[in-house]
$ cat entry-v1.txt   # compact mmCIF, C-alpha atoms
# COMPACT_ATOMS: atom_id res chain seq x y z
CA MET A 79 132.95 98.59 53.20
CA ILE A 80 133.49 99.83 49.65
CA PRO A 81 135.14 103.26 49.12
CA VAL A 82 133.15 105.43 46.73
CA GLU A 83 134.48 108.98 46.71
CA ASP A 84 136.14 111.58 48.92
CA GLY A 85 137.37 108.84 51.24
CA LYS A 86 133.79 107.92 52.18
CA GLU A 87 132.36 104.45 52.13
CA CYS A 88 129.10 102.91 51.03
CA PRO A 89 127.95 99.75 52.79
CA PRO A 90 128.04 96.63 50.63
CA SER A 91 124.79 94.98 49.66
CA LYS A 92 123.43 92.59 52.24
CA ARG A 93 120.76 90.52 50.60
CA PRO A 94 120.83 87.03 52.13
CA ARG A 95 120.75 84.13 49.71
CA PRO A 96 119.63 80.68 50.91
CA ASP A 97 122.20 77.98 50.30
CA ARG A 98 121.37 74.44 49.34
CA GLN A 99 120.77 73.54 53.01
CA GLY A 100 118.23 76.38 53.30
CA SER A 101 120.34 78.57 55.60
CA SER A 102 121.43 82.10 54.84
CA SER A 103 124.69 82.05 52.92
CA ILE A 104 127.10 84.66 51.60
CA LEU A 105 125.80 88.10 50.74
CA ASP A 106 125.14 89.01 47.10
CA PRO A 107 126.92 91.91 45.43
CA LEU A 108 124.93 94.62 43.66
CA LEU A 109 126.02 93.26 40.26
CA PRO A 110 127.84 89.89 40.13
CA GLY A 111 131.41 90.27 38.94
CA LEU A 112 131.69 93.99 39.68
CA PRO A 113 132.86 95.82 42.80
CA ASP A 114 129.96 97.60 44.47
CA ASP A 115 131.35 101.08 43.76
CA LEU A 116 131.37 100.39 40.02
CA ALA A 117 127.99 98.65 40.19
CA LEU A 118 126.56 101.73 41.91
CA LEU A 119 127.71 103.93 39.03
CA CYS A 120 126.12 101.54 36.53
CA LEU A 121 122.80 101.41 38.35
CA ALA A 122 122.83 105.19 38.77
CA ARG A 123 122.45 105.45 34.99
CA VAL A 124 119.06 103.70 34.97
CA ASP A 125 116.47 106.22 33.77
CA ARG A 126 113.61 105.11 36.00
CA ILE A 127 114.66 104.13 39.50
CA SER A 128 111.24 102.54 40.04
CA GLY A 129 112.48 99.74 37.78
CA LEU A 130 115.18 98.89 40.33
CA TRP A 131 112.79 98.39 43.20
CA GLY A 132 111.45 94.91 42.47
CA VAL A 133 114.70 93.26 41.36
CA ALA A 134 116.58 92.61 44.59
CA ARG A 135 116.61 93.70 48.20
CA SER A 136 120.19 94.86 47.78
CA TRP A 137 118.95 97.31 45.15
CA GLN A 138 116.19 98.47 47.46
CA ARG A 139 118.78 99.21 50.14
CA LEU A 140 120.77 101.11 47.55
CA LEU A 141 117.77 103.39 46.94
CA TYR A 142 116.92 103.87 50.60
CA ASP A 143 120.16 103.70 52.53
CA CYS A 144 123.19 104.52 50.37
CA PRO A 145 124.00 108.27 50.58
CA PHE A 146 125.98 108.21 47.33
CA PHE A 147 123.44 106.84 44.85
CA PHE A 148 121.38 109.98 44.18
CA PRO A 149 124.38 112.35 44.17
CA ALA A 150 125.88 110.07 41.50
CA ARG A 151 122.68 110.43 39.44
CA ALA A 152 122.75 114.19 39.87
CA LYS A 153 126.30 114.35 38.48
CA LEU A 154 125.00 112.48 35.41
CA GLY A 155 122.22 115.01 34.94
CA LEU A 156 119.54 112.53 35.99
CA PRO A 157 116.78 113.17 38.54
CA GLY A 158 118.08 113.10 42.09
CA GLY A 159 116.24 111.80 45.15
CA PHE A 160 112.64 110.76 45.40
CA ASN A 161 110.00 112.12 47.71
CA TRP A 162 106.91 110.78 49.39
CA LEU A 163 103.39 112.15 49.21
CA TYR A 164 101.78 113.14 52.52
CA VAL A 165 98.00 113.47 52.58
CA LEU A 166 95.60 114.59 55.29
CA ILE A 167 92.27 112.77 55.12
CA ALA A 168 89.01 113.48 56.91
CA SER A 169 87.40 110.06 57.33
CA LYS A 170 84.16 109.59 55.45
CA ASN A 171 82.77 107.11 57.97
CA THR A 172 81.82 110.00 60.25
CA LYS A 173 79.50 112.93 59.73
CA ASN A 174 80.49 116.08 57.87
CA SER A 175 79.86 119.75 58.57
CA THR A 176 76.13 119.22 59.12
CA GLY A 177 76.92 117.68 62.51
CA GLY A 178 78.89 115.07 64.40
CA ALA A 179 82.66 114.66 64.19
CA ALA A 180 85.12 113.76 61.44
CA ALA A 181 88.45 112.07 62.18
CA PHE A 182 91.57 113.58 60.59
CA GLN A 183 94.64 111.43 59.91
CA TRP A 184 97.87 111.91 57.96
CA TYR A 185 99.13 109.18 55.61
CA ALA A 186 102.34 108.93 53.56
CA PHE A 187 102.70 107.23 50.18
CA ASP A 188 105.96 105.57 49.14
CA PRO A 189 106.02 105.85 45.30
CA LEU A 190 108.69 103.19 44.82
CA ALA A 191 107.07 100.46 46.89
CA ALA A 192 103.57 101.79 46.04
CA LYS A 193 102.61 101.45 49.72
CA TRP A 194 100.76 103.67 52.15
CA HIS A 195 101.96 104.32 55.69
CA ARG A 196 99.96 105.78 58.54
CA LEU A 197 101.61 108.57 60.48
CA PRO A 198 101.31 108.84 64.25
CA PRO A 199 98.16 110.80 65.13
CA MET A 200 98.26 114.53 65.62
CA PRO A 201 98.03 115.72 69.24
CA HIS A 202 94.75 114.59 70.77
CA ASP A 203 93.57 118.07 71.65
CA VAL A 204 93.41 119.31 68.04
CA ARG A 205 89.93 119.84 66.61
CA PHE A 206 89.17 121.09 63.11
CA GLU A 207 86.05 122.05 61.25
CA LEU A 208 85.44 120.58 57.84
CA SER A 209 85.69 122.99 54.89
CA ARG A 210 83.01 125.59 54.53
CA ARG A 211 82.13 127.81 51.61
CA GLY A 212 84.61 130.65 51.22
CA PHE A 213 84.26 134.34 50.61
CA LEU A 214 85.62 134.08 47.06
CA PRO A 215 84.82 131.59 44.26
CA GLY A 216 87.03 129.11 42.42
CA PRO A 217 90.59 128.26 43.50
CA TYR A 218 90.51 131.01 46.11
CA SER A 219 87.79 129.37 48.22
CA LEU A 220 88.61 128.97 51.89
CA SER A 221 90.19 125.88 53.35
CA SER A 222 89.72 124.97 56.99
CA ILE A 223 93.37 123.85 57.33
CA GLN A 224 96.59 125.48 56.09
CA CYS A 225 99.74 123.36 55.77
CA ALA A 226 103.32 123.83 54.61
CA SER A 227 106.50 121.77 54.52
CA THR A 228 110.28 121.85 54.38
CA SER A 229 112.41 119.00 53.05
CA ASP A 230 112.01 117.02 56.28
CA LYS A 231 109.18 118.67 58.23
CA LEU A 232 105.44 118.58 57.68
CA ILE A 233 103.79 121.62 59.27
CA VAL A 234 100.14 122.09 60.13
CA VAL A 235 100.18 125.87 60.27
CA ALA A 236 96.62 126.92 61.02
CA GLY A 237 93.10 125.61 61.17
CA THR A 238 89.53 126.54 61.90
CA ARG A 239 87.31 125.10 64.60
CA THR A 240 83.81 125.80 65.76
CA ALA A 241 83.85 128.53 68.39
CA GLY A 242 83.82 127.14 71.92
CA ALA A 243 85.11 123.67 71.00
CA ASP A 244 86.89 122.08 73.97
CA THR A 245 90.43 121.51 72.71
CA GLN A 246 91.45 119.64 75.86
CA ALA A 247 88.82 116.94 75.54
CA ALA A 248 90.25 113.72 74.15
CA PRO A 249 88.49 112.56 70.97
CA SER A 250 86.84 109.19 70.56
CA SER A 251 89.54 107.93 68.20
CA SER A 252 93.32 108.10 67.97
CA ALA A 253 93.08 110.65 65.19
CA ALA A 254 92.39 114.35 65.59
CA THR A 255 88.75 115.27 65.17
CA ALA A 256 86.58 117.95 63.69
CA SER A 257 83.78 119.01 65.97
CA VAL A 258 80.81 120.82 64.50
CA PRO A 259 77.91 121.49 66.86
CA ARG A 260 74.45 122.42 65.75
CA ALA A 261 74.29 125.58 63.62
CA PRO A 262 72.18 128.50 64.79
CA PRO A 263 68.93 129.15 62.91
CA GLY A 264 69.62 130.58 59.49
CA GLY A 265 73.40 130.29 59.46
CA MET A 266 76.65 128.43 60.06
CA PRO A 267 78.11 128.17 63.58
CA PRO A 268 80.79 130.77 64.38
CA VAL A 269 84.40 129.69 64.02
CA GLU A 270 87.75 130.57 65.58
CA PRO A 271 91.45 129.61 65.19
CA ALA A 272 92.06 125.96 66.04
CA LEU A 273 95.79 126.22 66.80
CA ASP A 274 97.79 128.47 69.10
CA SER A 275 101.05 127.13 67.63
CA PRO A 276 102.03 125.17 64.49
CA LEU A 277 102.19 121.37 64.67
CA VAL A 278 105.40 119.95 63.22
CA PHE A 279 105.89 116.35 62.09
CA HIS A 280 109.53 115.29 61.76
CA VAL A 281 109.93 112.60 59.09
CA ARG A 282 113.33 111.51 60.41
CA THR A 283 111.99 110.63 63.85
CA ALA A 284 108.33 110.02 62.88
CA SER A 285 107.19 112.24 65.74
CA TRP A 286 105.16 115.39 66.34
CA SER A 287 106.20 118.52 68.18
CA ARG A 288 104.79 122.00 68.64
CA GLY A 289 106.32 125.14 67.23
CA PRO A 290 106.43 128.47 69.09
CA ARG A 291 103.14 130.00 70.20
CA TYR A 292 101.67 132.53 67.81
CA THR A 293 101.59 136.14 68.87
CA VAL A 294 98.02 136.05 67.52
CA PRO A 295 96.38 132.68 66.71
CA ARG A 296 94.84 132.98 63.27
CA ARG A 297 92.82 131.20 60.61
CA TRP A 298 92.53 131.55 56.83
CA CYS A 299 96.05 132.94 56.66
CA SER A 300 98.76 132.87 54.00
CA CYS A 301 101.69 130.57 54.68
CA GLY A 302 104.69 128.98 53.00
CA THR A 303 108.35 128.09 53.49
CA THR A 304 111.62 129.19 51.96
CA ALA A 305 114.27 126.79 50.70
CA GLY A 306 116.18 127.44 53.92
CA GLY A 307 113.32 126.35 56.18
CA GLN A 308 111.87 129.74 57.14
CA LEU A 309 108.10 129.59 57.67
CA LEU A 310 106.05 132.67 56.81
CA VAL A 311 102.59 133.25 58.28
CA ALA A 312 100.82 136.38 57.08
CA SER A 313 97.41 138.03 57.23
CA GLY A 314 94.30 136.01 58.08
CA CYS A 315 92.09 136.74 61.06
CA GLY A 316 91.77 135.72 64.69
CA ASN A 317 88.56 135.14 66.62
CA GLU A 318 87.27 138.30 64.97
CA TRP A 319 88.55 140.16 61.94
CA ASP A 320 90.74 143.16 62.71
CA LEU A 321 93.03 145.28 60.55
CA ARG A 322 96.16 144.73 62.64
CA THR A 323 96.05 140.93 62.29
CA ALA A 324 95.01 141.20 58.64
CA ARG A 325 98.23 143.13 57.91
CA GLN A 326 100.52 141.26 60.30
CA ALA A 327 103.32 138.98 59.06
CA GLU A 328 105.90 136.96 60.98
CA MET A 329 108.50 134.29 60.31
CA TRP A 330 109.94 131.34 62.19
CA ASP A 331 113.17 129.44 61.54
CA THR A 332 111.95 125.84 61.67
CA ASN A 333 115.54 124.61 62.00
CA GLY A 334 115.81 126.30 65.39
CA GLY A 335 112.86 124.54 67.03
CA ALA A 336 110.23 126.20 69.17
CA VAL A 337 112.83 128.17 71.12
CA ALA A 338 113.66 130.15 67.97
CA GLY A 339 110.35 131.98 68.30
CA TRP A 340 108.52 134.24 65.88
CA ARG A 341 109.98 137.46 64.55
CA ALA A 342 107.94 140.23 63.02
CA VAL A 343 108.48 141.25 59.40
CA GLN A 344 107.28 144.31 57.59
CA PRO A 345 103.45 144.56 57.77
CA LEU A 346 101.42 144.14 54.60
CA GLU A 347 100.29 147.34 52.92
CA SER A 348 96.66 146.23 52.95
CA SER A 349 94.32 143.55 54.30
CA LYS A 350 93.43 142.12 50.87
CA LEU A 351 94.87 138.67 51.63
CA SER A 352 92.91 138.15 54.84
CA ARG A 353 90.25 135.42 54.85
CA GLU A 354 91.52 133.90 51.60
CA ALA A 355 93.94 131.19 52.85
CA THR A 356 96.45 132.02 50.09
CA PRO A 357 99.56 129.80 49.83
CA ALA A 358 102.98 131.48 49.73
CA VAL A 359 104.95 129.97 46.83
CA GLU A 360 108.75 129.97 46.96
CA PHE A 361 110.27 130.98 43.62
CA ASP A 362 113.66 132.44 42.78
CA GLY A 363 114.43 132.92 46.47
CA LYS A 364 111.27 134.88 47.23
CA LEU A 365 107.76 134.10 48.45
CA TYR A 366 104.85 134.93 46.15
CA MET A 367 101.23 135.27 47.23
CA VAL A 368 98.39 135.92 44.79
CA SER A 369 94.71 136.18 45.59
CA ALA A 370 91.77 137.11 43.45
CA ARG A 371 92.38 140.74 44.33
CA SER A 372 96.13 141.33 44.53
CA GLY A 373 99.64 139.91 44.52
CA LEU A 374 102.51 140.34 46.97
CA VAL A 375 106.17 139.29 47.04
CA LEU A 376 108.23 138.86 50.22
CA ASN A 377 112.00 139.12 50.03
CA PRO A 378 113.09 136.84 52.93
CA GLY A 379 116.58 138.33 52.97
CA SER A 380 115.41 141.85 53.81
CA GLU A 381 112.05 140.67 55.21
CA THR A 382 110.31 143.37 53.20
CA TRP A 383 107.51 143.33 50.64
CA GLU A 384 108.04 144.07 46.97
CA PRO A 385 105.63 144.79 44.12
CA MET A 386 104.77 141.86 41.91
CA PRO A 387 105.33 142.21 38.14
CA SER A 388 102.01 142.95 36.46
CA GLY A 389 102.40 140.15 33.91
CA LEU A 390 102.97 137.66 36.69
CA THR A 391 99.86 138.77 38.54
CA ARG A 392 97.60 138.84 35.46
CA GLY A 393 98.15 135.23 34.48
CA TRP A 394 98.15 133.76 37.98
CA ASN A 395 94.59 132.45 38.01
CA GLY A 396 94.92 129.28 40.05
CA PRO A 397 97.16 127.38 42.49
CA GLY A 398 100.85 128.14 41.94
CA VAL A 399 103.74 125.68 42.40
CA THR A 400 107.43 125.50 41.57
CA SER A 401 109.45 122.59 40.23
CA GLY A 402 112.88 122.44 38.64
CA GLY A 403 113.34 126.18 39.09
CA LYS A 404 110.19 126.97 37.10
CA LEU A 405 106.96 128.57 38.26
CA PHE A 406 103.69 126.93 37.19
CA VAL A 407 100.04 127.78 37.64
CA MET A 408 97.25 125.23 37.54
CA ASP A 409 94.19 126.66 35.79
CA ASP A 410 91.95 123.87 37.01
CA THR A 411 88.82 125.43 35.55
CA ALA A 412 90.13 125.27 31.98
CA GLY A 413 92.33 122.22 32.57
CA ARG A 414 95.65 123.93 31.79
CA ILE A 415 99.14 124.10 33.26
CA LYS A 416 100.94 127.34 32.49
CA ALA A 417 104.61 128.19 32.99
CA TYR A 418 105.90 131.70 33.67
CA ASP A 419 108.39 133.22 31.23
CA GLY A 420 110.31 135.87 33.16
CA GLY A 421 111.91 137.23 30.00
CA THR A 422 108.59 138.28 28.50
CA GLU A 423 106.70 138.51 31.81
CA SER A 424 104.00 136.28 30.40
CA TRP A 425 102.47 132.85 30.93
CA VAL A 426 102.80 130.02 28.41
CA CYS A 427 100.46 127.04 28.31
CA VAL A 428 102.55 123.85 28.57
CA LEU A 429 99.72 121.36 28.88
CA GLU A 430 95.97 121.28 28.34
CA ASP A 431 94.06 118.18 29.34
CA LYS A 432 90.61 117.53 30.77
CA ARG A 433 92.20 115.42 33.50
CA LEU A 434 93.63 118.62 34.98
CA LYS A 435 90.20 120.05 35.72
CA ASN A 436 89.05 120.43 39.32
CA LEU A 437 92.43 119.53 40.84
CA ARG A 438 92.79 120.76 44.41
CA ASN A 439 95.63 120.84 46.97
CA VAL A 440 98.19 121.24 44.18
CA VAL A 441 101.88 120.61 45.00
CA ALA A 442 104.97 119.84 42.90
CA ALA A 443 108.50 118.40 43.03
CA HIS A 444 111.01 116.79 40.66
CA GLY A 445 109.05 117.64 37.53
CA LYS A 446 105.79 116.18 38.82
CA ILE A 447 102.68 118.16 39.69
CA CYS A 448 100.23 116.48 42.07
CA GLY A 449 96.71 117.35 43.09
CA SER A 450 93.60 115.78 44.51
CA VAL A 451 90.38 115.10 42.67
CA GLY A 452 87.64 113.31 44.56
CA GLY A 453 89.22 110.39 46.41
CA LEU A 454 92.26 110.24 44.11
CA ILE A 455 95.66 111.85 43.99
CA ARG A 456 96.59 112.64 40.39
CA VAL A 457 100.29 112.82 39.52
CA VAL A 458 101.25 114.64 36.30
CA ASP A 459 104.80 114.04 35.09
CA ILE A 460 105.37 117.11 32.96
CA GLY A 461 109.02 116.17 32.54
CA LYS A 462 108.11 113.24 30.29
CA SER A 463 107.27 113.43 26.60
CA PRO A 464 104.47 112.67 26.18
CA VAL A 465 103.27 113.81 29.59
CA GLU A 466 102.32 110.91 31.86
CA PHE A 467 99.37 110.75 34.27
CA ARG A 468 99.07 108.46 37.28
CA ASP A 469 96.17 108.15 39.70
CA ILE A 470 96.75 106.97 43.28
CA GLU A 471 93.83 105.84 45.42
CA ILE A 472 93.88 107.08 49.00
CA PRO A 473 94.10 104.37 51.68
CA VAL A 474 90.75 105.13 53.36
CA GLU A 475 87.46 106.62 52.30
CA GLY A 476 87.27 110.29 53.01
CA GLN A 477 87.90 113.86 51.96
CA ILE A 478 91.42 115.00 51.10
CA MET A 479 92.11 118.09 53.21
CA GLY A 480 95.81 118.64 52.53
CA LEU A 481 98.67 117.40 50.37
CA GLN A 482 102.41 117.93 50.75
CA ILE A 483 105.61 116.51 49.23
CA LEU A 484 108.74 115.93 51.31
CA SER A 485 111.38 113.32 52.03
CA LYS A 486 110.73 109.70 52.89
CA LEU A 487 109.40 108.65 56.25
CA GLU A 488 111.79 106.90 58.63
CA GLY A 489 109.18 105.19 60.78
CA SER A 490 105.44 104.53 60.55
CA VAL A 491 102.72 101.92 60.47
CA GLU A 492 102.49 100.24 57.07
CA LEU A 493 98.93 99.65 55.88

$ encode --input "entry-v1.txt" --output "structure tokens"
Amino acid sequence: MIPVEDGKECPPSKRPRPDRQGSSSILDPLLPGLPDDLALLCLARVDRISGLWGVARSWQRLLYDCPFFFPARAKLGLPGGFNWLYVLIASKNTKNSTGGAAAFQWYAFDPLAAKWHRLPPMPHDVRFELSRRGFLPGPYSLSSIQCASTSDKLIVVAGTRTAGADTQAAPSSSAATASVPRAPPGGMPPVEPALDSPLVFHVRTASWSRGPRYTVPRRWCSCGTTAGGQLLVASGCGNEWDLRTARQAEMWDTNGGAVAGWRAVQPLESSKLSREATPAVEFDGKLYMVSARSGLVLNPGSETWEPMPSGLTRGWNGPGVTSGGKLFVMDDTAGRIKAYDGGTESWVCVLEDKRLKNLRNVVAAHGKICGSVGGLIRVVDIGKSPVEFRDIEIPVEGQIMGLQILSKLEGSVEL
């Protein structure tokens, strides 16, 4: 074992090398002629870690298993760890909202190896409806599923199902399904909340669990997480719309498991966020929610609501994300990415490109903004000059229903 710093040790590289007789011989070092601790510091200076992936298995292990590599890069002012993309897909080989059932399955994309992995299926008794037209146009249209994430947990927060769907009936496939019975004459079938508790996928154990039961199951709610792993669920509606649920807000410490339970926070002043499925964006230690009609800010420390600066609200005309301590808005109609300048309380256009139009399910991390368009995931590296675009094809035909970014998966089925 090679000492690195603070008395800790990093395992030496263990890439077998065949000897002349074809058997596995001595293990290669990271860089021939250098101790592994010095080689680690040299490799940490490589600008693009993706270039290390295909060179040697010992370098792959450095990226995946050594706990000192990315901290060493951070001390050099280089990007730290890397994350995986997690995407929820409704299979296209089944019927959509006009009838039948659609299978839902989560997949994870490893950006270094450029490989997809299939996650274990969600609990068999989960049924979702496919997206239906929302109450408001543009980026504020309704989504049938609301998701959030922490650094190591993927959370299916809420969903919509057709009223009366039997959640205990096992589906015909290993994936969760969306059941949509025949619509009544002249309208869509009635819907209701699909979940009575959040579903949590733990990337370190590659397993699902359930969070605490909601005080009121809801759909089309606002949700998001703080940097410390607190999940906020606010507004929305239950089986029927009512003012109490539309103003209700509660939080759950995801680090405490289901036993931590929900705790009530200050109610919203109005019901303007209900039935809009508005994401809660963590920025500067607070959670921001903006709809087509209003904006709200939750201070997680005091668990109270604060007014949103007028300049921030005015320019927030699309999905909001944070990356590198900056707040961005994706104006997917005009094809622009705008950054918020807190000093002037105004928005500044940082990129305009037609490839940004019609992006949905927008998320961000490490200077990259990702969104879905059709059957592709588009990655925009705004930290590069010039800005770089990359399109990733999803592993199966279908509709992208959700997209999240969090840490790498520890166990899965590689496709």

$ closest_residue --input "entry-v1.txt" --among "A:Arg126, A:His195, A:Arg291, A:Arg433" --to "Phe160 of chain A" --atoms "only C-alpha atoms"
A:Arg126

$ atom_distance --input "entry-v1.txt" --atom1 "atom CA of Ala191 of chain A" --atom2 "atom CA of Gly132 of chain A"
8.3 Å

$ closest_residue --input "entry-v1.txt" --among "A:Ser227, A:Trp194, A:Leu309, A:Thr238" --to "Leu208 of chain A" --atoms "all atoms listed in the file"
A:Thr238

$ closest_atom_pairs --input "entry-v1.txt" --of "segment 432-481 of chain A" --to "segment 392-416 of chain A" --cutoff "12 Å" --atoms "only C-alpha atoms" --output "Markdown table"
| residue | atom | partner | partner_atom | distance |
| --- | --- | --- | --- | --- |
| A:Lys432 | CA | A:Gly413 | CA | 5.3 |
| A:Arg433 | CA | A:Gly413 | CA | 6.9 |
| A:Leu434 | CA | A:Gly413 | CA | 4.5 |
| A:Lys435 | CA | A:Gly413 | CA | 4.4 |
| A:Asn436 | CA | A:Asp410 | CA | 5.1 |
| A:Leu437 | CA | A:Asp410 | CA | 5.8 |
| A:Arg438 | CA | A:Asp410 | CA | 8.1 |
| A:Asn439 | CA | A:Pro397 | CA | 8.1 |
| A:Val440 | CA | A:Pro397 | CA | 6.5 |
| A:Val441 | CA | A:Val399 | CA | 6.0 |
| A:Ala442 | CA | A:Ser401 | CA | 5.9 |
| A:Ala443 | CA | A:Ser401 | CA | 5.1 |
| A:His444 | CA | A:Ser401 | CA | 6.0 |
| A:Gly445 | CA | A:Ser401 | CA | 5.7 |
| A:Lys446 | CA | A:Ser401 | CA | 7.5 |
| A:Ile447 | CA | A:Val399 | CA | 8.1 |
| A:Cys448 | CA | A:Val399 | CA | 9.9 |
| A:Gly449 | CA | A:Met408 | CA | 9.7 |
| A:Ser450 | CA | A:Asp410 | CA | 11.2 |
| A:Val451 | CA | A:Asp410 | CA | 10.6 |
| A:Val458 | CA | A:Ile415 | CA | 10.2 |
| A:Asp459 | CA | A:Ser401 | CA | 11.0 |
| A:Ile460 | CA | A:Ile415 | CA | 9.4 |
| A:Gly461 | CA | A:Gly402 | CA | 9.6 |
| A:Val465 | CA | A:Ile415 | CA | 11.7 |

$ write_last_selection --input "entry-v1.txt" --atoms "C-alpha atoms" --output "compact mmCIF listing (two decimals), keeping the file's coordinate frame"
# COMPACT_ATOMS: atom_id res chain seq x y z
CA LYS A 432 90.61 117.53 30.77
CA ARG A 433 92.20 115.42 33.50
CA LEU A 434 93.63 118.62 34.98
CA LYS A 435 90.20 120.05 35.72
CA ASN A 436 89.05 120.43 39.32
CA LEU A 437 92.43 119.53 40.84
CA ARG A 438 92.79 120.76 44.41
CA ASN A 439 95.63 120.84 46.97
CA VAL A 440 98.19 121.24 44.18
CA VAL A 441 101.88 120.61 45.00
CA ALA A 442 104.97 119.84 42.90
CA ALA A 443 108.50 118.40 43.03
CA HIS A 444 111.01 116.79 40.66
CA GLY A 445 109.05 117.64 37.53
CA LYS A 446 105.79 116.18 38.82
CA ILE A 447 102.68 118.16 39.69
CA CYS A 448 100.23 116.48 42.07
CA GLY A 449 96.71 117.35 43.09
CA SER A 450 93.60 115.78 44.51
CA VAL A 451 90.38 115.10 42.67
CA VAL A 458 101.25 114.64 36.30
CA ASP A 459 104.80 114.04 35.09
CA ILE A 460 105.37 117.11 32.96
CA GLY A 461 109.02 116.17 32.54
CA VAL A 465 103.27 113.81 29.59

$ residues_around --input "entry-v1.txt" --residues "Ser229 of chain A" --least-positions-apart "2" --cutoff "10 Å" --atoms "only C-alpha atoms" --output "list in words"
Asn161, Ser227, Lys231, Leu232, His280, Val281, Thr303, Ala305, Gly306, Gly307, Ile483, Leu484, Ser485 and Lys486 of chain A

$ atom_distance --input "entry-v1.txt" --atom1 "atom CA of Ala342 of chain A" --atom2 "atom CA of Arg297 of chain A"
17.8 Å

$ residues_around --input "entry-v1.txt" --residues "Met479 of chain A" --least-positions-apart "2" --cutoff "7 Å" --atoms "all atoms listed in the file" --output "list in words"
Leu166, Ile167, Ala168 and Gln477 of chain A

$ residues_around --input "entry-v1.txt" --residues "Leu351 of chain A" --least-positions-apart "5" --cutoff "9 Å" --atoms "all atoms listed in the file" --output "number ranges by chain"
A: 299-300, 312-314, 324-325, 356, 367-373

$ write_last_selection --input "entry-v1.txt" --atoms "C-alpha atoms" --output "PDB file, in the coordinates of the input"
ATOM      1  CA  CYS A 299      96.050 132.940  56.660  1.00  0.00           C
ATOM      2  CA  SER A 300      98.760 132.870  54.000  1.00  0.00           C
ATOM      3  CA  ALA A 312     100.820 136.380  57.080  1.00  0.00           C
ATOM      4  CA  SER A 313      97.410 138.030  57.230  1.00  0.00           C
ATOM      5  CA  GLY A 314      94.300 136.010  58.080  1.00  0.00           C
ATOM      6  CA  ALA A 324      95.010 141.200  58.640  1.00  0.00           C
ATOM      7  CA  ARG A 325      98.230 143.130  57.910  1.00  0.00           C
ATOM      8  CA  THR A 356      96.450 132.020  50.090  1.00  0.00           C
ATOM      9  CA  MET A 367     101.230 135.270  47.230  1.00  0.00           C
ATOM     10  CA  VAL A 368      98.390 135.920  44.790  1.00  0.00           C
ATOM     11  CA  SER A 369      94.710 136.180  45.590  1.00  0.00           C
ATOM     12  CA  ALA A 370      91.770 137.110  43.450  1.00  0.00           C
ATOM     13  CA  ARG A 371      92.380 140.740  44.330  1.00  0.00           C
ATOM     14  CA  SER A 372      96.130 141.330  44.530  1.00  0.00           C
ATOM     15  CA  GLY A 373      99.640 139.910  44.520  1.00  0.00           C
TER      16      GLY A 373
END

$ atom_distance --input "entry-v1.txt" --atom1 "atom CA of Ala134 of chain A" --atom2 "atom CA of Pro149 of chain A"
21.2 Å

$ residues_around --input "entry-v1.txt" --residues "segment 187-189 of chain A" --least-positions-apart "3" --cutoff "7 Å" --atoms "only C-alpha atoms" --output "PyMOL selection string"
chain A and resi 162-164+192-195

$ write_last_selection --input "entry-v1.txt" --atoms "C-alpha atoms" --output "compact mmCIF listing (two decimals), in the coordinates of the input"
# COMPACT_ATOMS: atom_id res chain seq x y z
CA TRP A 162 106.91 110.78 49.39
CA LEU A 163 103.39 112.15 49.21
CA TYR A 164 101.78 113.14 52.52
CA ALA A 192 103.57 101.79 46.04
CA LYS A 193 102.61 101.45 49.72
CA TRP A 194 100.76 103.67 52.15
CA HIS A 195 101.96 104.32 55.69

$ residues_around --input "entry-v1.txt" --residues "Ser380 of chain A" --least-positions-apart "2" --cutoff "12 Å" --atoms "all atoms listed in the file" --output "PyMOL selection string"
chain A and resi 342-344+363-364+375-378+382-384

$ closest_residue --input "entry-v1.txt" --among "A:Val234, A:Ala336, A:Ala272, A:Val165" --to "Gly453 of chain A" --atoms "only C-alpha atoms"
A:Val165

$ closest_residue --input "entry-v1.txt" --among "A:Pro198, A:Gln482, A:Phe467, A:Asp125" --to "Asp230 of chain A" --atoms "all atoms listed in the file"
A:Gln482

$ closest_residue --input "entry-v1.txt" --among "A:Gln183, A:Ser285, A:Ser222, A:Thr304" --to "Gly379 of chain A" --atoms "only C-alpha atoms"
A:Thr304
